[in-house]
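S.K.: The following file, query_15.pdb, comprises PDB, C-alpha atoms:
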```
ATOM      1  CA  MET D  29     -64.907  56.385 -33.631  1.00  0.00           C
ATOM      2  CA  SER D  30     -68.475  55.152 -33.410  1.00  0.00           C
ATOM      3  CA  THR D  31     -69.578  51.605 -34.124  1.00  0.00           C
ATOM      4  CA  ASP D  32     -71.855  52.995 -36.845  1.00  0.00           C
ATOM      5  CA  VAL D  33     -68.849  54.239 -38.818  1.00  0.00           C
ATOM      6  CA  THR D  34     -67.039  50.914 -38.462  1.00  0.00           C
ATOM      7  CA  ASP D  35     -70.163  49.090 -39.655  1.00  0.00           C
ATOM      8  CA  ILE D  36     -70.152  51.087 -42.891  1.00  0.00           C
ATOM      9  CA  TYR D  37     -66.910  49.410 -43.952  1.00  0.00           C
ATOM     10  CA  MET D  38     -67.671  45.981 -42.492  1.00  0.00           C
ATOM     11  CA  ASN D  39     -70.927  45.863 -44.453  1.00  0.00           C
ATOM     12  CA  MET D  40     -69.602  47.092 -47.800  1.00  0.00           C
ATOM     13  CA  CYS D  41     -68.835  43.614 -49.165  1.00  0.00           C
ATOM     14  CA  PRO D  42     -69.125  40.078 -47.777  1.00  0.00           C
ATOM     15  CA  ILE D  43     -65.445  39.477 -48.520  1.00  0.00           C
ATOM     16  CA  MET D  44     -62.768  42.075 -47.871  1.00  0.00           C
ATOM     17  CA  PRO D  45     -59.674  41.421 -49.990  1.00  0.00           C
ATOM     18  CA  VAL D  46     -56.467  41.407 -47.975  1.00  0.00           C
ATOM     19  CA  VAL D  47     -53.323  42.070 -50.007  1.00  0.00           C
ATOM     20  CA  ALA D  48     -49.600  42.458 -49.430  1.00  0.00           C
ATOM     21  CA  LEU D  49     -48.197  44.301 -52.434  1.00  0.00           C
ATOM     22  CA  ASP D  50     -44.563  43.906 -53.477  1.00  0.00           C
ATOM     23  CA  LYS D  51     -44.787  46.539 -56.233  1.00  0.00           C
ATOM     24  CA  ALA D  52     -46.516  49.870 -55.763  1.00  0.00           C
ATOM     25  CA  GLU D  53     -47.246  50.104 -59.500  1.00  0.00           C
ATOM     26  CA  ASP D  54     -49.601  47.126 -59.163  1.00  0.00           C
ATOM     27  CA  ALA D  55     -51.786  48.875 -56.588  1.00  0.00           C
ATOM     28  CA  ALA D  56     -53.995  51.059 -58.767  1.00  0.00           C
ATOM     29  CA  PRO D  57     -54.665  48.424 -61.481  1.00  0.00           C
ATOM     30  CA  LEU D  58     -55.530  45.911 -58.765  1.00  0.00           C
ATOM     31  CA  ALA D  59     -57.910  48.310 -57.056  1.00  0.00           C
ATOM     32  CA  ALA D  60     -59.538  49.184 -60.381  1.00  0.00           C
ATOM     33  CA  ALA D  61     -60.015  45.484 -61.196  1.00  0.00           C
ATOM     34  CA  LEU D  62     -61.713  44.867 -57.846  1.00  0.00           C
ATOM     35  CA  VAL D  63     -63.978  47.897 -58.245  1.00  0.00           C
ATOM     36  CA  GLU D  64     -64.977  46.709 -61.717  1.00  0.00           C
ATOM     37  CA  GLY D  65     -66.066  43.422 -60.135  1.00  0.00           C
ATOM     38  CA  GLY D  66     -68.164  45.164 -57.503  1.00  0.00           C
ATOM     39  CA  VAL D  67     -65.708  45.030 -54.604  1.00  0.00           C
ATOM     40  CA  LYS D  68     -65.085  48.600 -53.459  1.00  0.00           C
ATOM     41  CA  ILE D  69     -63.086  47.888 -50.335  1.00  0.00           C
ATOM     42  CA  ILE D  70     -59.541  46.629 -49.804  1.00  0.00           C
ATOM     43  CA  GLU D  71     -57.103  46.043 -46.961  1.00  0.00           C
ATOM     44  CA  VAL D  72     -53.493  46.742 -47.941  1.00  0.00           C
ATOM     45  CA  THR D  73     -51.210  45.373 -45.242  1.00  0.00           C
ATOM     46  CA  LEU D  74     -48.127  47.135 -43.920  1.00  0.00           C
ATOM     47  CA  ARG D  75     -46.053  44.015 -44.491  1.00  0.00           C
ATOM     48  CA  THR D  76     -43.999  45.094 -47.500  1.00  0.00           C
ATOM     49  CA  GLU D  77     -41.712  47.970 -48.382  1.00  0.00           C
ATOM     50  CA  ALA D  78     -44.090  48.957 -51.168  1.00  0.00           C
ATOM     51  CA  ALA D  79     -47.136  49.256 -48.891  1.00  0.00           C
ATOM     52  CA  VAL D  80     -46.984  53.004 -48.271  1.00  0.00           C
ATOM     53  CA  ASP D  81     -46.549  53.909 -51.933  1.00  0.00           C
ATOM     54  CA  ALA D  82     -49.249  51.401 -52.850  1.00  0.00           C
ATOM     55  CA  MET D  83     -51.693  53.106 -50.507  1.00  0.00           C
ATOM     56  CA  LYS D  84     -50.809  56.495 -51.954  1.00  0.00           C
ATOM     57  CA  ALA D  85     -51.461  55.206 -55.478  1.00  0.00           C
ATOM     58  CA  ILE D  86     -54.869  53.756 -54.627  1.00  0.00           C
ATOM     59  CA  ALA D  87     -55.963  56.872 -52.753  1.00  0.00           C
ATOM     60  CA  LYS D  88     -54.932  59.060 -55.699  1.00  0.00           C
ATOM     61  CA  ASP D  89     -55.925  56.966 -58.726  1.00  0.00           C
ATOM     62  CA  VAL D  90     -58.914  54.926 -57.492  1.00  0.00           C
ATOM     63  CA  PRO D  91     -60.739  57.268 -55.086  1.00  0.00           C
ATOM     64  CA  GLU D  92     -63.943  55.210 -55.242  1.00  0.00           C
ATOM     65  CA  MET D  93     -62.120  52.379 -53.450  1.00  0.00           C
ATOM     66  CA  ALA D  94     -62.559  52.331 -49.665  1.00  0.00           C
ATOM     67  CA  LEU D  95     -58.898  51.953 -48.791  1.00  0.00           C
ATOM     68  CA  GLY D  96     -57.972  50.276 -45.530  1.00  0.00           C
ATOM     69  CA  ALA D  97     -54.570  49.702 -43.970  1.00  0.00           C
ATOM     70  CA  GLY D  98     -53.818  46.359 -42.367  1.00  0.00           C
ATOM     71  CA  THR D  99     -51.172  45.218 -39.861  1.00  0.00           C
ATOM     72  CA  VAL D 100     -51.397  48.561 -38.041  1.00  0.00           C
ATOM     73  CA  CYS D 101     -49.675  47.883 -34.730  1.00  0.00           C
ATOM     74  CA  ASN D 102     -49.198  51.258 -33.045  1.00  0.00           C
ATOM     75  CA  MET D 103     -50.448  54.840 -32.958  1.00  0.00           C
ATOM     76  CA  ASP D 104     -47.663  56.158 -35.192  1.00  0.00           C
ATOM     77  CA  GLN D 105     -48.757  53.772 -37.940  1.00  0.00           C
ATOM     78  CA  LEU D 106     -52.418  54.623 -37.381  1.00  0.00           C
ATOM     79  CA  LYS D 107     -51.747  58.325 -37.789  1.00  0.00           C
ATOM     80  CA  MET D 108     -49.549  57.661 -40.827  1.00  0.00           C
ATOM     81  CA  VAL D 109     -52.159  55.646 -42.730  1.00  0.00           C
ATOM     82  CA  GLU D 110     -54.777  58.293 -42.049  1.00  0.00           C
ATOM     83  CA  ASP D 111     -52.434  60.856 -43.616  1.00  0.00           C
ATOM     84  CA  LEU D 112     -51.964  58.526 -46.613  1.00  0.00           C
ATOM     85  CA  GLY D 113     -55.685  58.688 -47.371  1.00  0.00           C
ATOM     86  CA  CYS D 114     -56.854  55.443 -45.814  1.00  0.00           C
ATOM     87  CA  LYS D 115     -60.501  55.340 -44.756  1.00  0.00           C
ATOM     88  CA  PHE D 116     -60.043  52.755 -42.006  1.00  0.00           C
ATOM     89  CA  ALA D 117     -57.352  50.628 -40.367  1.00  0.00           C
ATOM     90  CA  ILE D 118     -57.122  47.065 -39.084  1.00  0.00           C
ATOM     91  CA  SER D 119     -54.755  45.712 -36.444  1.00  0.00           C
ATOM     92  CA  PRO D 120     -53.772  42.112 -35.677  1.00  0.00           C
ATOM     93  CA  GLY D 121     -54.306  42.709 -31.955  1.00  0.00           C
ATOM     94  CA  LEU D 122     -55.245  45.367 -29.421  1.00  0.00           C
ATOM     95  CA  THR D 123     -52.778  47.107 -27.135  1.00  0.00           C
ATOM     96  CA  GLU D 124     -53.713  49.390 -24.265  1.00  0.00           C
ATOM     97  CA  ASN D 125     -52.151  52.325 -26.116  1.00  0.00           C
ATOM     98  CA  LEU D 126     -54.227  51.703 -29.235  1.00  0.00           C
ATOM     99  CA  ALA D 127     -57.403  51.174 -27.221  1.00  0.00           C
ATOM    100  CA  LYS D 128     -56.924  54.418 -25.292  1.00  0.00           C
ATOM    101  CA  ASN D 129     -55.872  56.613 -28.215  1.00  0.00           C
ATOM    102  CA  MET D 130     -57.475  55.204 -31.380  1.00  0.00           C
ATOM    103  CA  HIS D 131     -60.332  57.691 -31.043  1.00  0.00           C
ATOM    104  CA  THR D 132     -57.937  60.619 -31.446  1.00  0.00           C
ATOM    105  CA  VAL D 133     -57.613  59.978 -35.192  1.00  0.00           C
ATOM    106  CA  GLY D 134     -60.255  60.538 -37.830  1.00  0.00           C
ATOM    107  CA  ILE D 135     -60.523  56.976 -39.152  1.00  0.00           C
ATOM    108  CA  PRO D 136     -61.936  53.877 -37.433  1.00  0.00           C
ATOM    109  CA  LEU D 137     -59.713  51.037 -36.296  1.00  0.00           C
ATOM    110  CA  LEU D 138     -60.906  47.423 -36.374  1.00  0.00           C
ATOM    111  CA  PRO D 139     -58.746  45.707 -33.741  1.00  0.00           C
ATOM    112  CA  GLY D 140     -57.852  42.040 -33.781  1.00  0.00           C
ATOM    113  CA  VAL D 141     -58.902  39.628 -31.030  1.00  0.00           C
ATOM    114  CA  SER D 142     -58.356  35.921 -30.499  1.00  0.00           C
ATOM    115  CA  SER D 143     -60.042  35.200 -27.168  1.00  0.00           C
ATOM    116  CA  ALA D 144     -62.923  36.118 -24.869  1.00  0.00           C
ATOM    117  CA  SER D 145     -60.471  38.042 -22.698  1.00  0.00           C
ATOM    118  CA  ASP D 146     -59.415  40.155 -25.674  1.00  0.00           C
ATOM    119  CA  ILE D 147     -63.053  40.980 -26.372  1.00  0.00           C
ATOM    120  CA  MET D 148     -63.727  41.904 -22.746  1.00  0.00           C
ATOM    121  CA  ARG D 149     -60.705  44.204 -22.805  1.00  0.00           C
ATOM    122  CA  GLY D 150     -62.065  45.863 -25.932  1.00  0.00           C
ATOM    123  CA  LEU D 151     -65.507  46.237 -24.369  1.00  0.00           C
ATOM    124  CA  ASP D 152     -63.890  48.105 -21.471  1.00  0.00           C
ATOM    125  CA  TYR D 153     -62.898  50.730 -24.051  1.00  0.00           C
ATOM    126  CA  GLY D 154     -66.314  50.848 -25.696  1.00  0.00           C
ATOM    127  CA  LEU D 155     -65.459  48.624 -28.682  1.00  0.00           C
ATOM    128  CA  GLU D 156     -67.957  46.190 -30.194  1.00  0.00           C
ATOM    129  CA  ARG D 157     -66.482  45.456 -33.634  1.00  0.00           C
ATOM    130  CA  PHE D 158     -63.442  43.203 -33.999  1.00  0.00           C
ATOM    131  CA  LYS D 159     -61.326  41.212 -36.399  1.00  0.00           C
ATOM    132  CA  LEU D 160     -61.042  37.582 -35.262  1.00  0.00           C
ATOM    133  CA  PHE D 161     -57.451  36.639 -36.062  1.00  0.00           C
ATOM    134  CA  PRO D 162     -56.088  34.184 -36.963  1.00  0.00           C
ATOM    135  CA  ALA D 163     -59.599  32.828 -37.382  1.00  0.00           C
ATOM    136  CA  SER D 164     -58.909  29.253 -38.460  1.00  0.00           C
ATOM    137  CA  ASN D 165     -56.210  28.781 -35.821  1.00  0.00           C
ATOM    138  CA  VAL D 166     -58.314  29.975 -32.886  1.00  0.00           C
ATOM    139  CA  GLY D 167     -61.406  27.894 -33.590  1.00  0.00           C
ATOM    140  CA  GLY D 168     -62.976  29.328 -36.726  1.00  0.00           C
ATOM    141  CA  VAL D 169     -66.725  28.896 -37.103  1.00  0.00           C
ATOM    142  CA  GLY D 170     -66.997  26.950 -33.838  1.00  0.00           C
ATOM    143  CA  MET D 171     -65.245  29.726 -31.935  1.00  0.00           C
ATOM    144  CA  LEU D 172     -67.552  32.368 -33.397  1.00  0.00           C
ATOM    145  CA  LYS D 173     -70.645  30.360 -32.509  1.00  0.00           C
ATOM    146  CA  ALA D 174     -69.395  30.007 -28.938  1.00  0.00           C
ATOM    147  CA  LEU D 175     -68.614  33.727 -28.638  1.00  0.00           C
ATOM    148  CA  GLY D 176     -72.115  34.626 -29.813  1.00  0.00           C
ATOM    149  CA  GLY D 177     -73.587  33.479 -26.489  1.00  0.00           C
ATOM    150  CA  PRO D 178     -71.764  35.743 -24.022  1.00  0.00           C
ATOM    151  CA  PHE D 179     -71.232  38.554 -26.536  1.00  0.00           C
ATOM    152  CA  PRO D 180     -74.437  38.925 -28.606  1.00  0.00           C
ATOM    153  CA  GLN D 181     -73.707  42.580 -29.405  1.00  0.00           C
ATOM    154  CA  ILE D 182     -70.313  41.885 -30.988  1.00  0.00           C
ATOM    155  CA  ARG D 183     -69.760  41.666 -34.747  1.00  0.00           C
ATOM    156  CA  PHE D 184     -66.649  40.174 -36.331  1.00  0.00           C
ATOM    157  CA  CYS D 185     -64.584  40.191 -39.489  1.00  0.00           C
ATOM    158  CA  PRO D 186     -62.778  36.841 -39.232  1.00  0.00           C
ATOM    159  CA  THR D 187     -59.487  36.733 -41.131  1.00  0.00           C
ATOM    160  CA  GLY D 188     -56.928  33.973 -41.542  1.00  0.00           C
ATOM    161  CA  GLY D 189     -57.596  30.694 -43.298  1.00  0.00           C
ATOM    162  CA  ILE D 190     -60.691  31.949 -45.126  1.00  0.00           C
ATOM    163  CA  ASN D 191     -61.199  30.609 -48.658  1.00  0.00           C
ATOM    164  CA  LEU D 192     -63.955  30.455 -51.257  1.00  0.00           C
ATOM    165  CA  ASP D 193     -65.160  27.096 -49.908  1.00  0.00           C
ATOM    166  CA  ASN D 194     -65.508  28.010 -46.236  1.00  0.00           C
ATOM    167  CA  ALA D 195     -66.403  31.709 -46.582  1.00  0.00           C
ATOM    168  CA  PRO D 196     -70.172  31.009 -46.877  1.00  0.00           C
ATOM    169  CA  GLU D 197     -70.103  29.053 -43.595  1.00  0.00           C
ATOM    170  CA  TYR D 198     -68.579  32.059 -41.815  1.00  0.00           C
ATOM    171  CA  LEU D 199     -70.917  34.539 -43.488  1.00  0.00           C
ATOM    172  CA  ALA D 200     -73.960  32.542 -42.404  1.00  0.00           C
ATOM    173  CA  LEU D 201     -73.229  33.371 -38.754  1.00  0.00           C
ATOM    174  CA  LYS D 202     -75.230  36.191 -37.174  1.00  0.00           C
ATOM    175  CA  ASN D 203     -72.162  37.731 -35.554  1.00  0.00           C
ATOM    176  CA  VAL D 204     -70.104  37.885 -38.773  1.00  0.00           C
ATOM    177  CA  SER D 205     -70.438  41.025 -40.887  1.00  0.00           C
ATOM    178  CA  CYS D 206     -67.760  40.131 -43.430  1.00  0.00           C
ATOM    179  CA  VAL D 207     -64.608  38.056 -43.800  1.00  0.00           C
ATOM    180  CA  GLY D 208     -61.099  39.103 -44.746  1.00  0.00           C
ATOM    181  CA  ALA D 209     -59.327  36.914 -47.283  1.00  0.00           C
ATOM    182  CA  SER D 210     -56.420  36.884 -49.720  1.00  0.00           C
ATOM    183  CA  PHE D 211     -57.955  34.545 -52.306  1.00  0.00           C
ATOM    184  CA  LEU D 212     -59.653  37.396 -54.183  1.00  0.00           C
ATOM    185  CA  ALA D 213     -56.293  38.763 -55.246  1.00  0.00           C
ATOM    186  CA  PRO D 214     -53.567  36.151 -54.684  1.00  0.00           C
ATOM    187  CA  LYS D 215     -49.949  37.040 -55.309  1.00  0.00           C
ATOM    188  CA  ASP D 216     -49.615  34.907 -58.418  1.00  0.00           C
ATOM    189  CA  MET D 217     -52.502  36.698 -60.126  1.00  0.00           C
ATOM    190  CA  ILE D 218     -51.132  40.090 -59.119  1.00  0.00           C
ATOM    191  CA  ASN D 219     -47.636  39.198 -60.369  1.00  0.00           C
ATOM    192  CA  ASP D 220     -49.150  37.990 -63.666  1.00  0.00           C
ATOM    193  CA  HIS D 221     -51.241  41.172 -63.928  1.00  0.00           C
ATOM    194  CA  ASP D 222     -54.327  39.018 -64.346  1.00  0.00           C
ATOM    195  CA  TRP D 223     -56.677  41.914 -63.688  1.00  0.00           C
ATOM    196  CA  ALA D 224     -59.532  40.312 -65.652  1.00  0.00           C
ATOM    197  CA  GLY D 225     -59.279  37.173 -63.519  1.00  0.00           C
ATOM    198  CA  ILE D 226     -59.333  39.233 -60.324  1.00  0.00           C
ATOM    199  CA  THR D 227     -62.409  41.085 -61.585  1.00  0.00           C
ATOM    200  CA  GLU D 228     -64.185  37.757 -62.093  1.00  0.00           C
ATOM    201  CA  ARG D 229     -63.273  36.637 -58.578  1.00  0.00           C
ATOM    202  CA  ALA D 230     -64.554  39.960 -57.246  1.00  0.00           C
ATOM    203  CA  LYS D 231     -67.897  39.432 -58.991  1.00  0.00           C
ATOM    204  CA  LYS D 232     -68.290  36.052 -57.277  1.00  0.00           C
ATOM    205  CA  ALA D 233     -67.323  37.505 -53.900  1.00  0.00           C
ATOM    206  CA  ALA D 234     -69.714  40.434 -54.206  1.00  0.00           C
ATOM    207  CA  SER D 235     -72.581  38.040 -54.917  1.00  0.00           C
ATOM    208  CA  LEU D 236     -72.100  35.879 -51.800  1.00  0.00           C
TER     209      LEU D 236
END
```
As structure tokens, what does this structure read like?

M.R.:
Amino acid sequence: MSTDVTDIYMNMCPIMPVVALDKAEDAAPLAAALVEGGVKIIEVTLRTEAAVDAMKAIAKDVPEMALGAGTVCNMDQLKMVEDLGCKFAISPGLTENLAKNMHTVGIPLLPGVSSASDIMRGLDYGLERFKLFPASNVGGVGMLKALGGPFPQIRFCPTGGINLDNAPEYLALKNVSCVGASFLAPKDMINDHDWAGITERAKKAASL
């Protein structure tokens, strides 16, 4: 999958909401609330039993949402989320199997990296777009500034430890296209069905 296609999703919104849904019935209302606030992209992680049904619901009921699958760790999962209607996938790391075979599916994969060696391994397979994870634990803004020297062609979506206060600092970096964060749709707001509150957070995120 070309870098151009990956860039489409990385440049859709400064902040990509990352959610782990415990109830599939919350998926479509959540997606609709984000879209209403101007955020038309979401990463639903494969960390809960409800994740698959949640993805199905968003793909069916909120087709204008660019649905991404997170925590994709192998080719079987990558093929599955494509079949579920996901437009892209994100992995916490990059295995040799994923690097060799990710181009055999019809959706782009944004692989996770946490070091210069990880990036060099990805470059060997023609990759130039990565998720820095877990961003705050591996150096955050300082790490990204340092990586910009040897890897000027690389663009990142840092995820992990991103909040409303530090997101602008990340987004100001030339090698950051967007950030992934859970604060747009935290679990307590989802459990309370505070869709109006999530819409307001989405409006703020879309304006960054």

S.K.: For Leu192 of chain D, which of D:Ala87, D:Met171, D:Leu160, D:Ala234 is the closest residue, counting all atoms listed in the file?

M.R.: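 Closest to Leu192 of chain D, using all atoms listed in the file: D:Ala234.
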
S.K.: If you apply the PyMOL selection byres ((chain D and resi 203) around 7) to this file, what residues do you get, as a list in words?

M.R.: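 Applying the PyMOL selection byres ((chain D and resi 203) around 7) to the structure shown produces Gly176, Ile182, Arg183, Phe184, Leu201, Lys202, Val204 and Ser205 of chain D.
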
S.K.: Please, what distance in Å, to one decimal, runs between atom CA of Gly140 of chain D and atom CA of Ala79 of chain D?

M.R.: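 Separating atom CA of Gly140 of chain D from atom CA of Ala79 of chain D is a distance of 19.9 Å.
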
S.K.: For segment 179-185 of chain D, what centre and edge lengths in Å (one decimal) does the axis-aligned box get once 4 Å is added on each side of all its listed atoms, as lines of an AutoDock Vina configuration file?

M.R.:
```
center_x = -69.5
center_y = 40.6
center_z = -33.0
size_x = 17.9
size_y = 12.0
size_z = 21.0
```

S.K.: Given the PyMOL selection byres ((chain D and resi 128) around 12) and the file above, list the residues it selects as a VMD selection string.

M.R.: chain D and resid 29 102 to 103 122 to 127 129 to 133 137 149 to 155

S.K.: So which residues touch Ser235 of chain D within 9 Å, counting only C-alpha atoms, skipping near sequence neighbours fewer than 4 positions away, as a list in words?

M.R.: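 That gives Cys41, Pro42, Gly66, Ala230 and Lys231 of chain D.
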
S.K.: For this structure, which residues satisfy the selection - the PyMOL selection byres ((chain D and resi 95-101) around 6) - when it is evaluated on the file as given? I want them as a list in words.

M.R.: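 The output of the PyMOL selection byres ((chain D and resi 95-101) around 6) on this file is Ile70, Glu71, Val72, Thr73, Leu74, Met93, Ala94, Asn102, Gln105, Cys114, Lys115, Phe116, Ala117, Ile118, Ser119 and Pro120 of chain D.
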
S.K.: Tell me which protein, DNA and RNA residues are within 7 Å of Lys159 of chain D, counting only C-alpha atoms, leaving out same-chain ones fewer than 3 positions away, and put them as a list in words.

M.R.: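 Counting only C-alpha atoms, the residues come to Leu138, Pro139, Gly140, Val141, Phe184, Cys185, Pro186 and Thr187 of chain D.
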
S.K.: Within 12 Å of (-59.7, 37.7, -52.4) in the file's own coordinates, which protein, DNA or RNA residues have an atom, counting all atoms listed in the file? List them as number ranges by chain.

M.R.: D: 41-48, 58-59, 61-62, 65, 67, 69-72, 187-192, 195, 207-215, 217-218, 225-234

S.K.: With C-alpha atoms kept, could you save the residues just selected as a short mmCIF file (atom, residue, chain, number, x, y, z; two decimals), keeping the file's coordinate frame?

M.R.:
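See again16.cif below for the written result:
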```cif
data_model
loop_
_atom_site.label_atom_id
_atom_site.label_comp_id
_atom_site.auth_asym_id
_atom_site.auth_seq_id
_atom_site.Cartn_x
_atom_site.Cartn_y
_atom_site.Cartn_z
CA CYS D 41 -68.83 43.61 -49.16
CA PRO D 42 -69.12 40.08 -47.78
CA ILE D 43 -65.44 39.48 -48.52
CA MET D 44 -62.77 42.08 -47.87
CA PRO D 45 -59.67 41.42 -49.99
CA VAL D 46 -56.47 41.41 -47.98
CA VAL D 47 -53.32 42.07 -50.01
CA ALA D 48 -49.60 42.46 -49.43
CA LEU D 58 -55.53 45.91 -58.76
CA ALA D 59 -57.91 48.31 -57.06
CA ALA D 61 -60.02 45.48 -61.20
CA LEU D 62 -61.71 44.87 -57.85
CA GLY D 65 -66.07 43.42 -60.14
CA VAL D 67 -65.71 45.03 -54.60
CA ILE D 69 -63.09 47.89 -50.34
CA ILE D 70 -59.54 46.63 -49.80
CA GLU D 71 -57.10 46.04 -46.96
CA VAL D 72 -53.49 46.74 -47.94
CA THR D 187 -59.49 36.73 -41.13
CA GLY D 188 -56.93 33.97 -41.54
CA GLY D 189 -57.60 30.69 -43.30
CA ILE D 190 -60.69 31.95 -45.13
CA ASN D 191 -61.20 30.61 -48.66
CA LEU D 192 -63.96 30.46 -51.26
CA ALA D 195 -66.40 31.71 -46.58
CA VAL D 207 -64.61 38.06 -43.80
CA GLY D 208 -61.10 39.10 -44.75
CA ALA D 209 -59.33 36.91 -47.28
CA SER D 210 -56.42 36.88 -49.72
CA PHE D 211 -57.96 34.54 -52.31
CA LEU D 212 -59.65 37.40 -54.18
CA ALA D 213 -56.29 38.76 -55.25
CA PRO D 214 -53.57 36.15 -54.68
CA LYS D 215 -49.95 37.04 -55.31
CA MET D 217 -52.50 36.70 -60.13
CA ILE D 218 -51.13 40.09 -59.12
CA GLY D 225 -59.28 37.17 -63.52
CA ILE D 226 -59.33 39.23 -60.32
CA THR D 227 -62.41 41.08 -61.58
CA GLU D 228 -64.18 37.76 -62.09
CA ARG D 229 -63.27 36.64 -58.58
CA ALA D 230 -64.55 39.96 -57.25
CA LYS D 231 -67.90 39.43 -58.99
CA LYS D 232 -68.29 36.05 -57.28
CA ALA D 233 -67.32 37.51 -53.90
CA ALA D 234 -69.71 40.43 -54.21
#
```

S.K.: One number please: atom CA of Leu49 of chain D to atom CA of Asp220 of chain D, in Å, one decimal.

M.R.: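 Between atom CA of Leu49 of chain D and atom CA of Asp220 of chain D the gap is 12.9 Å.
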
S.K.: Hey, can you check how far atom CA of Leu112 of chain D sits from atom CA of Val80 of chain D?

M.R.: 7.6 Å

S.K.: Would you please work out which residue, of D:Asp81, D:Glu156, D:Asp54, D:Glu110, is nearest to Asn219 of chain D when using only C-alpha atoms?

M.R.: D:Asp54

S.K.: Kindly indicate which residue among D:Gly168, D:Gly121, D:Gly177, D:Pro136 lies nearest to Lys107 of chain D, using only C-alpha atoms for the distances.

M.R.: D:Pro136

S.K.: Using all atoms listed in the file for the distances, tell me which of D:Gly134, D:Ser164, D:Met148, D:Pro57 is nearest to Pro178 of chain D.

M.R.: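 Ranking D:Gly134, D:Ser164, D:Met148, D:Pro57 by distance to Pro178 of chain D, first place goes to D:Met148.
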